[in-house]
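Peer 1: So I've got this file, work-v1.txt, and it contains compact mmCIF, C-alpha atoms:
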```txt
# COMPACT_ATOMS: atom_id res chain seq x y z
CA MET K 1 27.72 -15.06 38.79
CA LYS K 2 24.24 -16.54 39.11
CA GLY K 3 22.79 -13.30 37.69
CA LYS K 4 25.02 -13.50 34.60
CA LYS K 5 24.12 -17.15 34.02
CA LEU K 6 20.43 -16.30 34.25
CA LYS K 7 20.89 -13.42 31.79
CA TYR K 8 22.67 -15.63 29.27
CA ALA K 9 20.02 -18.33 29.71
CA VAL K 10 17.28 -15.82 28.94
CA ILE K 11 19.14 -14.60 25.82
CA VAL K 12 19.57 -18.19 24.60
CA LEU K 13 15.87 -18.89 25.17
CA VAL K 14 14.87 -15.76 23.25
CA ILE K 15 17.13 -16.68 20.32
CA CYS K 16 15.76 -20.24 20.28
CA ALA K 17 12.20 -18.92 20.37
CA LEU K 18 12.90 -16.60 17.42
CA LEU K 19 14.55 -19.40 15.46
CA LEU K 20 11.35 -21.40 15.90
CA TYR K 21 8.91 -18.49 15.58
CA ILE K 22 10.18 -17.13 12.26
CA PRO K 23 10.17 -20.40 10.25
CA VAL K 24 6.72 -21.34 11.55
CA GLY K 25 5.53 -17.80 10.83
CA MET K 26 6.88 -17.93 7.28
CA LEU K 27 4.65 -20.94 6.64
CA ALA K 28 1.75 -18.95 8.07
CA SER K 29 2.53 -16.09 5.66
CA LYS K 30 1.84 -17.98 2.47
CA GLY K 31 -1.19 -16.99 0.44
CA LEU K 32 -3.30 -13.89 -0.11
CA GLN K 33 -5.51 -12.10 2.39
CA THR K 34 -8.28 -10.07 0.77
CA GLU K 35 -9.37 -7.71 3.55
CA LYS K 36 -12.77 -6.04 3.39
CA ILE K 37 -12.71 -2.59 5.02
CA ASP K 38 -15.72 -0.28 5.54
CA ILE K 39 -15.31 3.47 6.02
CA GLY K 40 -18.25 5.62 7.05
CA SER K 41 -21.88 4.61 7.43
CA GLY K 42 -25.42 5.85 7.29
CA SER K 43 -25.48 6.54 3.57
CA ALA K 44 -26.74 4.61 0.57
CA LYS K 45 -23.96 6.07 -1.58
CA SER K 46 -20.64 4.26 -1.60
CA ILE K 47 -17.73 3.43 -3.87
CA ARG K 48 -15.43 0.42 -3.70
CA VAL K 49 -11.64 0.69 -4.03
CA ALA K 50 -9.20 -2.18 -4.58
CA GLN K 51 -5.67 -1.30 -3.44
CA VAL K 52 -2.64 -2.88 -5.12
CA SER K 53 0.62 -2.07 -3.37
CA ASP K 54 4.22 -3.26 -3.11
CA LEU K 55 3.93 -5.97 -5.73
CA GLN K 56 7.72 -5.66 -6.20
CA TYR K 57 7.43 -7.42 -9.58
CA PRO K 58 9.02 -9.86 -10.40
CA LYS K 59 9.34 -10.64 -6.66
CA ASN K 60 5.58 -10.84 -6.21
CA GLY K 61 4.52 -13.32 -3.56
CA VAL K 62 1.16 -14.06 -5.20
CA PRO K 63 0.60 -15.15 -8.83
CA LEU K 64 -0.61 -12.23 -10.94
CA TYR K 65 -3.67 -14.16 -12.14
CA GLU K 66 -4.75 -14.72 -8.52
CA ILE K 67 -4.58 -10.99 -7.83
CA ILE K 68 -6.61 -10.24 -10.97
CA ASN K 69 -9.21 -12.88 -10.09
CA SER K 70 -9.58 -11.51 -6.55
CA ILE K 71 -10.05 -7.96 -7.84
CA ARG K 72 -12.57 -9.05 -10.47
CA GLU K 73 -14.52 -10.93 -7.82
CA ALA K 74 -14.61 -7.81 -5.61
CA LYS K 75 -16.06 -5.68 -8.46
CA PRO K 76 -14.40 -2.40 -7.49
CA ASP K 77 -15.28 1.02 -8.89
CA LEU K 78 -11.66 2.22 -8.68
CA ILE K 79 -8.24 0.60 -8.42
CA PHE K 80 -5.42 2.40 -6.61
CA LEU K 81 -1.79 1.39 -7.22
CA THR K 82 0.14 2.82 -4.28
CA GLY K 83 3.75 2.33 -5.34
CA ASP K 84 6.49 -0.27 -5.65
CA ILE K 85 4.57 -2.14 -8.30
CA VAL K 86 7.95 -3.02 -9.80
CA ASP K 87 11.20 -3.82 -8.03
CA SER K 88 14.03 -1.37 -8.67
CA ALA K 89 16.13 -4.18 -10.14
CA VAL K 90 13.51 -5.39 -12.62
CA ALA K 91 14.91 -6.21 -16.06
CA ALA K 92 13.39 -4.72 -19.21
CA GLY K 93 12.13 -8.14 -20.27
CA ASP K 94 10.39 -8.61 -16.94
CA LEU K 95 8.61 -5.29 -17.42
CA ASP K 96 7.33 -6.56 -20.76
CA THR K 97 5.83 -9.61 -19.04
CA LEU K 98 4.06 -7.32 -16.54
CA GLU K 99 2.15 -5.58 -19.35
CA PRO K 100 -0.76 -8.10 -19.51
CA PHE K 101 -1.34 -7.66 -15.77
CA ILE K 102 -1.43 -3.86 -16.10
CA ALA K 103 -3.74 -4.16 -19.10
CA GLU K 104 -6.13 -6.44 -17.22
CA LEU K 105 -6.23 -4.08 -14.23
CA SER K 106 -7.15 -1.13 -16.43
CA GLY K 107 -9.86 -3.21 -18.09
CA ILE K 108 -11.67 -3.78 -14.80
CA CYS K 109 -12.35 -0.15 -13.86
CA PRO K 110 -10.61 3.26 -13.78
CA ALA K 111 -7.21 3.07 -12.10
CA TYR K 112 -4.83 5.59 -10.54
CA ALA K 113 -1.20 5.16 -9.48
CA VAL K 114 1.66 6.83 -7.66
CA THR K 115 5.34 6.03 -7.57
CA GLY K 116 7.10 4.29 -4.69
CA ASN K 117 10.76 4.31 -3.82
CA HIS K 118 11.44 1.32 -6.08
CA GLU K 119 10.00 3.04 -9.14
CA LEU K 120 12.05 6.16 -8.52
CA ASP K 121 15.20 4.02 -8.16
CA TYR K 122 14.37 2.09 -11.33
CA LYS K 123 16.45 2.90 -14.42
CA GLY K 124 13.49 2.06 -16.63
CA LEU K 125 11.11 4.50 -14.92
CA ARG K 126 10.28 6.22 -18.21
CA LYS K 127 9.23 2.89 -19.72
CA PHE K 128 7.14 2.06 -16.65
CA LYS K 129 5.35 5.40 -16.90
CA ALA K 130 4.70 4.74 -20.58
CA LEU K 131 3.26 1.32 -19.71
CA LEU K 132 0.76 2.91 -17.35
CA LYS K 133 -0.17 5.62 -19.84
CA GLU K 134 -0.65 3.13 -22.69
CA ASN K 135 -3.13 1.26 -20.49
CA ASN K 136 -5.04 4.36 -19.35
CA ILE K 137 -3.81 4.21 -15.76
CA ALA K 138 -3.43 7.77 -14.48
CA LEU K 139 -0.09 8.34 -12.77
CA LEU K 140 -0.52 11.16 -10.25
CA GLU K 141 2.70 13.11 -9.71
CA ASN K 142 1.94 15.68 -7.01
CA GLU K 143 -1.44 16.45 -8.50
CA VAL K 144 -5.14 16.06 -7.95
CA VAL K 145 -7.97 15.25 -10.35
CA GLN K 146 -11.69 15.57 -9.78
CA THR K 147 -14.06 12.93 -11.05
CA GLU K 148 -17.47 11.38 -10.45
CA VAL K 149 -18.04 7.74 -9.50
CA LYS K 150 -21.57 6.31 -9.20
CA GLY K 151 -22.97 9.80 -8.78
CA VAL K 152 -20.43 10.76 -6.09
CA LYS K 153 -18.08 13.67 -6.81
CA ILE K 154 -14.60 12.97 -5.44
CA ALA K 155 -11.05 14.21 -5.81
CA VAL K 156 -8.21 11.74 -6.26
CA ALA K 157 -4.82 13.11 -5.22
CA GLY K 158 -1.42 11.51 -5.51
CA VAL K 159 2.08 12.37 -4.38
CA GLU K 160 5.35 11.08 -5.77
CA ASP K 161 7.30 9.02 -3.28
CA ASN K 162 8.97 11.07 -0.54
CA ASN K 163 6.73 14.08 -1.22
CA ILE K 164 4.13 15.49 1.14
CA TYR K 165 0.49 16.16 0.33
CA ALA K 166 -0.65 19.73 -0.37
CA CYS K 167 2.43 20.68 -2.37
CA ALA K 168 2.10 24.14 -3.87
CA ASP K 169 1.46 22.80 -7.36
CA MET K 170 -1.35 20.42 -6.38
CA HIS K 171 -4.06 23.16 -6.30
CA ILE K 172 -5.77 21.55 -3.33
CA SER K 173 -7.44 24.88 -2.56
CA ASP K 174 -9.46 24.53 -5.78
CA ILE K 175 -11.39 21.63 -4.26
CA THR K 176 -14.66 22.57 -2.59
CA PRO K 177 -15.07 21.55 1.08
CA ASP K 178 -17.90 19.12 0.24
CA THR K 179 -15.72 17.11 -2.17
CA PRO K 180 -14.05 14.17 -0.39
CA ILE K 181 -10.36 13.75 -1.20
CA LEU K 182 -8.83 10.30 -1.59
CA LEU K 183 -5.04 10.43 -1.38
CA LEU K 184 -2.53 7.94 -2.78
CA ALA K 185 0.79 8.25 -0.94
CA HIS K 186 3.26 5.38 -0.88
CA ARG K 187 4.86 5.77 2.57
CA ASN K 188 2.68 4.72 5.49
CA SER K 189 5.00 6.49 7.92
CA ASP K 190 4.21 9.92 6.39
CA TRP K 191 0.49 10.00 7.19
CA ASP K 192 0.86 12.41 10.12
CA LYS K 193 2.92 14.74 7.90
CA HIS K 194 0.27 14.65 5.18
CA LEU K 195 -2.47 15.59 7.63
CA GLU K 196 -0.41 18.41 9.12
CA ALA K 197 0.49 19.83 5.71
CA ALA K 198 -3.10 19.61 4.48
CA GLY K 199 -4.45 22.27 6.81
CA GLY K 200 -8.17 22.62 6.16
CA ASN K 201 -8.12 20.36 3.10
CA LYS K 202 -7.31 17.07 4.78
CA PRO K 203 -7.83 13.92 2.72
CA TYR K 204 -10.81 11.85 3.76
CA VAL K 205 -8.97 8.60 3.11
CA THR K 206 -5.25 8.06 2.49
CA PHE K 207 -4.02 4.84 0.85
CA SER K 208 -0.44 3.76 1.60
CA GLY K 209 1.89 0.77 1.63
CA HIS K 210 5.70 0.63 1.82
CA GLY K 211 6.18 -1.06 5.20
CA HIS K 212 5.27 -4.64 4.17
CA GLY K 213 3.26 -5.04 7.36
CA GLY K 214 6.29 -4.65 9.57
CA GLN K 215 7.78 -7.83 8.03
CA ILE K 216 7.31 -9.98 11.15
CA ARG K 217 3.98 -9.57 12.92
CA VAL K 218 3.78 -10.25 16.63
CA PHE K 219 0.34 -10.19 18.29
CA GLY K 220 -1.02 -8.32 15.27
CA LYS K 221 1.69 -5.64 15.36
CA GLY K 222 4.49 -5.09 12.88
CA LEU K 223 8.02 -5.52 14.17
CA LEU K 224 10.12 -3.51 11.72
CA SER K 225 9.27 -1.06 8.94
CA ARG K 226 11.48 0.84 6.55
CA GLY K 227 11.03 4.47 7.51
CA GLY K 228 9.01 3.54 10.58
CA GLY K 229 11.69 1.81 12.64
CA LEU K 230 10.91 -0.74 15.31
CA PHE K 231 7.24 -1.31 16.13
CA PRO K 232 5.95 1.26 13.60
CA LYS K 233 2.62 3.01 14.14
CA TYR K 234 0.87 2.17 10.89
CA THR K 235 1.40 -1.27 9.38
CA SER K 236 -1.85 -2.89 8.28
CA GLY K 237 -5.51 -2.15 7.73
CA LEU K 238 -7.53 0.84 8.89
CA TYR K 239 -6.55 3.78 11.13
CA LYS K 240 -8.51 6.92 12.08
CA LYS K 241 -7.48 10.37 13.24
CA GLY K 242 -10.21 12.97 13.61
CA SER K 243 -12.32 12.74 10.47
CA SER K 244 -9.51 11.27 8.34
CA TYR K 245 -8.71 7.63 7.66
CA LEU K 246 -5.63 5.71 6.59
CA VAL K 247 -5.65 2.36 4.79
CA VAL K 248 -2.32 0.51 4.81
CA SER K 249 -1.58 -2.48 2.61
CA ARG K 250 0.98 -5.02 3.78
CA GLY K 251 1.90 -5.52 0.15
CA LEU K 252 1.88 -8.30 -2.41
CA GLY K 253 5.60 -8.97 -2.78
CA GLU K 254 8.96 -9.33 -1.11
CA SER K 255 11.07 -6.45 0.15
CA ASP K 256 14.86 -6.17 0.33
CA PHE K 257 14.53 -7.81 3.75
CA PRO K 258 13.27 -11.20 2.52
CA ILE K 259 11.47 -12.43 5.64
CA ARG K 260 7.72 -12.25 6.27
CA ALA K 261 6.32 -14.03 9.31
CA TYR K 262 2.62 -14.23 10.26
CA ASN K 263 2.12 -11.72 7.48
CA LYS K 264 0.06 -12.83 4.47
CA TYR K 265 0.18 -10.90 1.22
CA HIS K 266 -2.49 -8.26 1.40
CA LEU K 267 -5.20 -6.89 -0.91
CA PRO K 268 -7.44 -4.31 0.79
CA ILE K 269 -10.95 -3.92 -0.65
CA VAL K 270 -12.37 -0.69 0.75
CA ASP K 271 -16.00 0.42 0.72
CA ILE K 272 -16.21 4.18 1.33
CA TYR K 273 -19.64 5.51 2.31
CA PHE K 274 -20.57 9.16 1.70
```
As structure tokens, how would this structure be written, given the file I've shared?
Peer 2:
Amino acid sequence: MKGKKLKYAVIVLVICALLLYIPVGMLASKGLQTEKIDIGSGSAKSIRVAQVSDLQYPKNGVPLYEIINSIREAKPDLIFLTGDIVDSAVAAGDLDTLEPFIAELSGICPAYAVTGNHELDYKGLRKFKALLKENNIALLENEVVQTEVKGVKIAVAGVEDNNIYACADMHISDITPDTPILLLAHRNSDWDKHLEAAGGNKPYVTFSGHGHGGQIRVFGKGLLSRGGGLFPKYTSGLYKKGSSYLVVSRGLGESDFPIRAYNKYHLPIVDIYF
């Protein structure tokens, strides 16, 4: 009997702690974290990438002008949009009001995008694609393009949501071994699959989002991630495996699970040294 009472007492204490922890954590989640991340060293050549992910417009948690101002201040060479820029339930009128934001992004520097699950579930996907194209933002749909930034030759690859890198039609084998590949792939939980599928043409840096930082962060770890389950592996910031890196954004908007605790909205600014 005493054992059961102790068990119930512990359960009640845990529930009470969570009821306190989450509301306090939600207050701690307000605002934008611009995170500076360095990859590589020992070289004078570098490019700067600003990553915009999981805006979930119109459920963005940060005013659009604040995001634009933060990106302008960072002075990036490239902008990567890694999916779920719009919510799947966005109305056509809301998409019209997003156009100035997209136009301002494309006016800062060259920008590339991939779809997330919300775009693919969105009935107005064709209009969203047209919006990107009209503003010179390259939507990568299982493809790779080669370009030069500040004298550095790179390849920018992108996969549609729920696809794996190195699809047969991406022509990854056409890229020379000395050309670093930067991959845009929405789902953070698929990084291991991307690396395995890549074979000898592994991306140098992969940029992902999707998991919203694990929603509730406990001791710097995410609690729950769509596709990653409880205590997912990749939720925020920089990860390394061999000679490949992963950058995960915690996102700039709300997910279907509308609770973020100890989890500020997130704008990674990444300096990649070559």
Peer 1: Can you work out the spacing between atom CA of K:Lys150 and atom CA of K:Val49 in Å, to one decimal?
Peer 2: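 Between these atoms lies a distance of 12.5 Å.
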Peer 1: Pick the closest to K:Ile22 from K:Arg260, K:Pro268, K:Val149, K:Leu55: which is it, counting only C-alpha atoms?
Peer 2: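 That would be K:Arg260, the residue with the smallest distance to K:Ile22.
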Peer 1: For K:Leu140, which residue among K:Leu246, K:Ala198, K:Ala44, K:Ala111 is the nearest when counting only C-alpha atoms?
Peer 2: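 Under the stated criterion, the closest residue is K:Ala111.
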Peer 1: Which one of K:Pro76, K:Tyr57, K:Lys129, K:Asp121 sits closest to K:Phe101 if you count only C-alpha atoms?
Peer 2: K:Tyr57
Peer 1: Kindly assemble as CSV a list of the stretch 33-112 of chain K residues that lie within 8 Å of stretch 202-213 of chain K, each paired with its nearest atom pair and their distance in Å to one decimal, using all atoms listed in the file, sorted first by chain and then by ascending residue number.
Peer 2:
```
residue,atom,partner,partner_atom,distance
K:Gln51,CA,K:Phe207,CA,7.7
K:Ser53,CA,K:Gly209,CA,5.9
K:Asp54,CA,K:His210,CA,6.5
K:Phe80,CA,K:Phe207,CA,8.0
K:Thr82,CA,K:Ser208,CA,6.0
K:Gly83,CA,K:Gly209,CA,7.4
K:Asp84,CA,K:His210,CA,7.6
```
Peer 1: Take the residues that were just selected and, keeping C-alpha atoms, output them as a PDB file, keeping the file's coordinate frame.
Peer 2:
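As a result, selection.pdb now contains:
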```
ATOM      1  CA  GLN K  51      -5.670  -1.300  -3.440  1.00  0.00           C
ATOM      2  CA  SER K  53       0.620  -2.070  -3.370  1.00  0.00           C
ATOM      3  CA  ASP K  54       4.220  -3.260  -3.110  1.00  0.00           C
ATOM      4  CA  PHE K  80      -5.420   2.400  -6.610  1.00  0.00           C
ATOM      5  CA  THR K  82       0.140   2.820  -4.280  1.00  0.00           C
ATOM      6  CA  GLY K  83       3.750   2.330  -5.340  1.00  0.00           C
ATOM      7  CA  ASP K  84       6.490  -0.270  -5.650  1.00  0.00           C
TER       8      ASP K  84
END
```
Peer 1: How far is it from atom CA of K:Ser29 to atom CA of K:Tyr265, in Å with one decimal?
Peer 2: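 A separation of 7.2 Å between them.
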Peer 1: Give as a list in words every residue, naming chains and numbers as the document does, that has an atom within 12 Å of (-0.8, 2.0, -23.1), counting only C-alpha atoms.
Peer 2: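 So the residues meeting the distance criterion are Glu99, Pro100, Ile102, Ala103, Glu104, Ser106, Gly107, Lys127, Phe128, Lys129, Ala130, Leu131, Leu132, Lys133, Glu134, Asn135, Asn136, Ile137 and Ala138 of chain K.
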Peer 1: State, in Å with one decimal place, the distance from atom CA of K:His118 to atom CA of K:Asn60.
Peer 2: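 It comes out at 13.5 Å.
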Peer 1: Would you be able to write out as a PyMOL selection string which residues have an atom within 9 Å of (10.5, -4.2, -6.9) in the file's coordinates, counting all atoms listed in the file?
Peer 2: chain K and resi 54-60+84-90+118-119+122+253-256
Peer 1: Identify, on the basis of only C-alpha atoms, every residue whose closest approach to K:Ile108 does not exceed 10 Å; exclude the query and any residue fewer than 5 positions from it along the same chain; express the result as a list in words.
Peer 2: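 Residues near the query, excluding close chain neighbours: Ile68, Ile71, Arg72, Lys75, Pro76, Asp77, Leu78, Ile79 and Ala103 of chain K.
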Peer 1: Listed atoms of stretch 149-155 of chain K, axis-aligned box, 6 Å per side: centre and edge lengths to one decimal in Å, as AutoDock Vina command-line options?
Peer 2:
```
--center_x -17.0 --center_y 10.3 --center_z -7.5 --size_x 23.9 --size_y 19.9 --size_z 16.1
```
Peer 1: Which is closest to K:Val218 among K:Tyr65, K:Phe231, K:Phe274, K:Phe257, if we use only C-alpha atoms?
Peer 2: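 Of K:Tyr65, K:Phe231, K:Phe274, K:Phe257, the one nearest K:Val218, counting only C-alpha atoms, is K:Phe231.
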Peer 1: Given all atoms listed in the file as the basis, pick out the residue of K:Ile39, K:Val24, K:Ile164, K:Ala92 nearest to K:Gly237.
Peer 2: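 Among K:Ile39, K:Val24, K:Ile164, K:Ala92, it is K:Ile39 that comes nearest to K:Gly237.
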Peer 1: Closest to K:Ile37 among K:Asp190, K:Asp271, K:Asp94, K:Asp161, using all atoms listed in the file?
Peer 2: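 Answer, going by the shortest atom-to-atom distance: K:Asp271.
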Peer 1: Generate the coordinates of N, CA, C and O atoms for stretch 85-98 of chain K; report them as a short mmCIF file (atom, residue, chain, number, x, y, z; two decimals), keeping the file's coordinate frame.
Peer 2:
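Generated output (selection-v3.cif):
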```cif
data_model
loop_
_atom_site.label_atom_id
_atom_site.label_comp_id
_atom_site.auth_asym_id
_atom_site.auth_seq_id
_atom_site.Cartn_x
_atom_site.Cartn_y
_atom_site.Cartn_z
N ILE K 85 5.17 -1.10 -7.47
CA ILE K 85 4.57 -2.14 -8.30
C ILE K 85 5.69 -2.96 -8.96
O ILE K 85 5.56 -4.17 -9.15
N VAL K 86 6.79 -2.31 -9.28
CA VAL K 86 7.95 -3.02 -9.80
C VAL K 86 9.11 -2.88 -8.82
O VAL K 86 9.21 -1.91 -8.07
N ASP K 87 9.97 -3.87 -8.82
CA ASP K 87 11.20 -3.82 -8.03
C ASP K 87 12.21 -2.96 -8.76
O ASP K 87 12.23 -2.93 -10.00
N SER K 88 13.07 -2.28 -8.04
CA SER K 88 14.03 -1.37 -8.67
C SER K 88 15.02 -2.10 -9.56
O SER K 88 15.62 -1.49 -10.44
N ALA K 89 15.18 -3.40 -9.35
CA ALA K 89 16.13 -4.18 -10.14
C ALA K 89 15.47 -4.94 -11.28
O ALA K 89 16.10 -5.79 -11.91
N VAL K 90 14.21 -4.65 -11.58
CA VAL K 90 13.51 -5.39 -12.62
C VAL K 90 14.18 -5.19 -13.98
O VAL K 90 14.59 -4.08 -14.34
N ALA K 91 14.31 -6.27 -14.72
CA ALA K 91 14.91 -6.21 -16.06
C ALA K 91 13.86 -5.75 -17.07
O ALA K 91 12.65 -5.87 -16.83
N ALA K 92 14.31 -5.22 -18.19
CA ALA K 92 13.39 -4.72 -19.21
C ALA K 92 12.45 -5.81 -19.69
O ALA K 92 11.26 -5.58 -19.90
N GLY K 93 12.98 -7.03 -19.84
CA GLY K 93 12.13 -8.14 -20.27
C GLY K 93 11.05 -8.48 -19.27
O GLY K 93 9.92 -8.83 -19.64
N ASP K 94 11.38 -8.36 -17.98
CA ASP K 94 10.39 -8.61 -16.94
C ASP K 94 9.27 -7.57 -17.00
O ASP K 94 8.10 -7.89 -16.76
N LEU K 95 9.63 -6.34 -17.31
CA LEU K 95 8.61 -5.29 -17.42
C LEU K 95 7.66 -5.60 -18.57
O LEU K 95 6.46 -5.36 -18.47
N ASP K 96 8.19 -6.17 -19.64
CA ASP K 96 7.33 -6.56 -20.76
C ASP K 96 6.31 -7.62 -20.33
O ASP K 96 5.16 -7.60 -20.76
N THR K 97 6.74 -8.54 -19.47
CA THR K 97 5.83 -9.61 -19.04
C THR K 97 4.80 -9.10 -18.03
O THR K 97 3.80 -9.77 -17.77
N LEU K 98 5.03 -7.92 -17.46
CA LEU K 98 4.06 -7.32 -16.54
C LEU K 98 2.91 -6.66 -17.30
O LEU K 98 1.83 -6.45 -16.74
#
```
